[in-house]
Amino acid sequence: MEFLLSSMILLFLLPFTLYFLLSKCAKNTIKLPPGPTPLPFIGNLHQLGKKPHKSLAKLAQIHGPLMTLKLGQVTTIVVSSPNMAKQILQTHDNILSNRTIPGAVKVHDHHKYNMAFIPIAPLWRELRKICNNQLFSNKTLDESKGIRLQKLKDCLNDINQSSLINEAVNIGDMVFKTSINLLSNTIFSVDLVQSSDSVGDFKELILNILKECGKPNIADLFPALNMFDFDLQGIKRRNAVHAQKVFDIFQRLIDERLKLREVQGFDTKSDMLRTLLDIAEDHSQEMSIAKIPHLSLTLFIAGTDTISSTLEWAMSELVKNENIMLKAKQELEQIIGKGKPIEDSDIAKLPYLQAIIKETFRLHPSVPFLVPRKANANVEIDGYTIPKDAQIWVNVWAIGRNSSVWENENLFSPERFLNSDIDSKGHDFELLPFGAGRRICPGLSLATKMLHLMLGSFINCFDWKLEDGMKTEDMNMEEKFGLSLEKSQPLRVVPEKVCN
């Protein structure tokens with residue numbers, strides 16, 4: 001019995017031991033970027049802490065903007081400056097564009113169809129082309145303007161109902177619900193969250209998937225475990241259940257639409273589903289009906305939590321900084337009139353509102369690290385080698401607070417963008433909320449439109465005060481680390497309708 005137990009332990013440790021020895025040999029042959037000394041087996045995991053974006057920003061101040069960590073078995077390169085980000089996302093984009101794939105994403109083979117994770121190959125190029133030319137083109141966004149305005153109107157009506165009874169609004173929940181219904185109407189022409197005062201089943205499912213994907217997974221840190229298909233924390237098992245329920249909802253909507261299409265003239269919906277079914281029925285190898293639920297889930301995951309997190313931080317900063325809120329109100333009153341919701345055509349006329357959104361991206365990026373990239377081959381940068389198969393983390397939170405780039409880096413000051421050409425579209429590496437290069441988020445145009453429409457309308461249509469007489473100096477502005485960077489304490493504010 002003792003011999004059997006010893007043999008099992010040796011078999012379990014063998015992959016780690018071999019990996020450790022091979023890594024040491026490889027390390028001796030190439031010059032890795034500097035970094036803290038790793039411990040055996042766990043590497044630098046103990047140095048991440050509860051808020052890795054902050055921990056790694058501090059380590060970068062010691063070891064430099066291109067830094068090597070060992071996270072379990074995985075060699076990880078951390079990027080913390082605009083110049084290094086440009087090297088990764090633009091100069092060497094062709095070699096560093098693939099992804100490390102978390103175990104949580106592999107449920108139901110989702111990673112094989114998820115545009116955020118599939119390799120740069122024909123399928124990715126075709127899906128990207130569909131997004132750019134069909135789903136998020138300027139023409140499509142113009143045609144879907146009515147949907148955005150209707151969902152914004154629904155949101156403002158809910159807020160107005162709260163104002164009538166002096167009830168506090170949870171900004172994050174309100175925006176999350178609006179984002180889900182915007183996307184579900186854009187894709188399927190239905191509201192997937194009906195109630196304004198409950199989370200709703202679909203919202204719970206999306207939140208649960210985000211929660212599981214945001215958890216550190218032992219199997220991702222020790223790939224040798226994958227040969228045993230270990231799911232020690234149950235992340236894949238739970239995520240498979242949540243994802244299947246979402247896929248079932250999507251499939252029901254697709255089946256209903258297919259039945260309508262059997263009767264000529266009955267499919268009158270002009271939405272993404274119609275476009276995708278048209279492409280699929282043209283016998284496209286890249287877009288089959290079976291792939292539509294996977295693309296839809298990718299869009300929901302990317303377009304809900306990030307928008308709600310960004311807008312909650314923006315509103316928090318405005319409530320906290322009354323002078324900035326006043327300037328924003330004055331601009332809106334002068335340009336579009338007091339108490340009116342804003343429209344797409346108004347955004348370009350509102351430079352201070354645009355500056356507020358940019359400053360929120362800088363100080364409170366919804367995703368503190370861009371989705372990790374993976375090196376397809378050894379890459380030389382500034383005399384160091386990023387080794388093949390290393391994963392690369394771009395710490396956009398650290399870049400946004402880099403004192404060599406930003407003056408008064410911890411101060412919320414939209415004015416810094418008023419006389420600046422820096423934008424958030426991937427051209428300027430000081431500000432990367434949507435990434436850059438070929439992996440830049442394809443839905444950035446829709447996301448930025450919604451953020452400006454909602455924030456501008458919230459400011460112009462309502463005055464806001466903290467509930468229970470709380471003072472602005474007592475606001476909790478701490479972050480909660482996860483897949484997105486949420487407020488640790490949700491923003492709850494009481495609206496008062498502005499008369500126009």
# chains A, B, ... in the order shown; residues from 1 in each chain; ligands from 1
>>> residues_around(residues="A:Ser403", least_positions_apart="2", cutoff="12 Å", atoms="only C-alpha atoms", output="compact mmCIF listing (two decimals) with C-alpha atoms, in the first residue's frame")
# COMPACT_ATOMS: atom_id res chain seq x y z
CA ALA A 57 2.47 47.78 -11.13
CA GLN A 61 8.63 50.02 -10.74
CA SER A 80 3.46 48.25 -17.99
CA SER A 81 4.36 51.14 -20.33
CA PRO A 82 2.97 52.57 -23.59
CA ALA A 398 -0.56 50.44 -14.67
CA ILE A 399 -0.19 52.25 -18.01
CA GLY A 400 -3.05 54.56 -17.07
CA ARG A 401 -1.33 55.45 -13.80
CA VAL A 405 3.19 59.48 -18.93
CA TRP A 406 0.51 61.26 -16.91
CA GLU A 407 0.80 64.34 -14.70
CA ASN A 408 -1.03 63.93 -11.36
CA GLU A 409 -1.68 60.37 -12.43
CA ASN A 410 -4.07 59.51 -9.58
CA LEU A 411 -6.25 62.60 -10.02
CA GLU A 430 -1.25 55.41 -23.41
>>> select_by_dssp(residues="stretch 350-391 of chain A", states="alpha helix (DSSP H)", output="list in words")
Pro351, Tyr352, Leu353, Gln354, Ala355, Ile356, Ile357, Lys358, Glu359, Thr360, Phe361, Arg362 and Leu363 of chain A
>>> residues_around(residues="stretch 103-108 of chain A", least_positions_apart="4", cutoff="7 Å", atoms="only C-alpha atoms", output="list in words")
Glu212, Cys213, Asp220, Ile235, Lys236, Asn239 and Ala240 of chain A
>>> write_last_selection(atoms="all heavy atoms", output="PDB file, in the first residue's frame")
ATOM      1  N   GLU A 212     -17.100  32.874 -12.916  1.00  0.00           N
ATOM      2  CA  GLU A 212     -16.254  31.673 -13.060  1.00  0.00           C
ATOM      3  C   GLU A 212     -15.028  31.963 -13.911  1.00  0.00           C
ATOM      4  O   GLU A 212     -13.924  31.502 -13.610  1.00  0.00           O
ATOM      5  CB  GLU A 212     -17.068  30.514 -13.658  1.00  0.00           C
ATOM      6  CG  GLU A 212     -18.237  30.028 -12.811  1.00  0.00           C
ATOM      7  CD  GLU A 212     -17.810  29.507 -11.445  1.00  0.00           C
ATOM      8  OE1 GLU A 212     -16.639  29.115 -11.283  1.00  0.00           O
ATOM      9  OE2 GLU A 212     -18.657  29.474 -10.528  1.00  0.00           O
ATOM     10  N   CYS A 213     -15.211  32.734 -14.993  1.00  0.00           N
ATOM     11  CA  CYS A 213     -14.076  33.059 -15.867  1.00  0.00           C
ATOM     12  C   CYS A 213     -13.060  33.950 -15.159  1.00  0.00           C
ATOM     13  O   CYS A 213     -11.879  33.957 -15.516  1.00  0.00           O
ATOM     14  CB  CYS A 213     -14.574  33.748 -17.141  1.00  0.00           C
ATOM     15  SG  CYS A 213     -15.460  32.654 -18.273  1.00  0.00           S
ATOM     16  N   ASP A 220      -5.059  26.201 -15.021  1.00  0.00           N
ATOM     17  CA  ASP A 220      -4.444  27.119 -15.990  1.00  0.00           C
ATOM     18  C   ASP A 220      -3.004  27.427 -15.613  1.00  0.00           C
ATOM     19  O   ASP A 220      -2.171  27.712 -16.487  1.00  0.00           O
ATOM     20  CB  ASP A 220      -5.234  28.434 -16.051  1.00  0.00           C
ATOM     21  CG  ASP A 220      -6.641  28.249 -16.598  1.00  0.00           C
ATOM     22  OD1 ASP A 220      -6.863  27.281 -17.347  1.00  0.00           O
ATOM     23  OD2 ASP A 220      -7.519  29.066 -16.267  1.00  0.00           O
ATOM     24  N   ILE A 235     -14.530  24.705 -11.623  1.00  0.00           N
ATOM     25  CA  ILE A 235     -14.842  25.874 -12.446  1.00  0.00           C
ATOM     26  C   ILE A 235     -15.458  25.456 -13.781  1.00  0.00           C
ATOM     27  O   ILE A 235     -16.497  25.982 -14.195  1.00  0.00           O
ATOM     28  CB  ILE A 235     -13.572  26.723 -12.665  1.00  0.00           C
ATOM     29  CG1 ILE A 235     -13.157  27.396 -11.344  1.00  0.00           C
ATOM     30  CG2 ILE A 235     -13.794  27.781 -13.755  1.00  0.00           C
ATOM     31  CD1 ILE A 235     -11.840  28.136 -11.406  1.00  0.00           C
ATOM     32  N   LYS A 236     -14.831  24.486 -14.458  1.00  0.00           N
ATOM     33  CA  LYS A 236     -15.356  24.042 -15.748  1.00  0.00           C
ATOM     34  C   LYS A 236     -16.741  23.410 -15.593  1.00  0.00           C
ATOM     35  O   LYS A 236     -17.629  23.637 -16.415  1.00  0.00           O
ATOM     36  CB  LYS A 236     -14.389  23.056 -16.401  1.00  0.00           C
ATOM     37  CG  LYS A 236     -13.143  23.692 -16.989  1.00  0.00           C
ATOM     38  CD  LYS A 236     -12.234  22.659 -17.622  1.00  0.00           C
ATOM     39  CE  LYS A 236     -12.833  22.034 -18.859  1.00  0.00           C
ATOM     40  NZ  LYS A 236     -11.897  21.097 -19.520  1.00  0.00           N
ATOM     41  N   ASN A 239     -19.263  26.221 -14.968  1.00  0.00           N
ATOM     42  CA  ASN A 239     -19.409  27.072 -16.143  1.00  0.00           C
ATOM     43  C   ASN A 239     -20.120  26.349 -17.277  1.00  0.00           C
ATOM     44  O   ASN A 239     -20.838  26.965 -18.069  1.00  0.00           O
ATOM     45  CB  ASN A 239     -18.035  27.567 -16.613  1.00  0.00           C
ATOM     46  CG  ASN A 239     -18.066  29.031 -17.011  1.00  0.00           C
ATOM     47  OD1 ASN A 239     -18.895  29.787 -16.531  1.00  0.00           O
ATOM     48  ND2 ASN A 239     -17.167  29.427 -17.891  1.00  0.00           N
ATOM     49  N   ALA A 240     -19.911  25.041 -17.377  1.00  0.00           N
ATOM     50  CA  ALA A 240     -20.594  24.258 -18.405  1.00  0.00           C
ATOM     51  C   ALA A 240     -22.106  24.312 -18.205  1.00  0.00           C
ATOM     52  O   ALA A 240     -22.873  24.401 -19.171  1.00  0.00           O
ATOM     53  CB  ALA A 240     -20.107  22.808 -18.366  1.00  0.00           C
TER      54      ALA A 240
END
>>> closest_residue(among="A:Glu322, A:Leu299, A:Leu485, A:Phe458", to="A:Cys155", atoms="only C-alpha atoms")
A:Phe458
>>> closest_residue(among="A:Glu167, A:Asn376, A:Leu432, A:Met315", to="A:Ile459", atoms="only C-alpha atoms")
A:Met315
>>> residues_around(residues="A:Ile440", least_positions_apart="5", cutoff="9 Å", atoms="only C-alpha atoms", output="ChimeraX atom specification")
/A:425-426,434-435
>>> closest_residue(among="A:Asp93, A:Asp109, A:Asp231, A:Glu343", to="A:Gly146", atoms="only C-alpha atoms")
A:Glu343
>>> select_by_dssp(residues="stretch 31-280 of chain A", states="strand (DSSP E)", output="ChimeraX atom specification")
/A:66-71,74-79,98-99,169-170
>>> closest_residue(among="A:Gly456, A:Ile357, A:Lys269, A:Trp397", to="A:Gln330", atoms="only C-alpha atoms")
A:Gly456
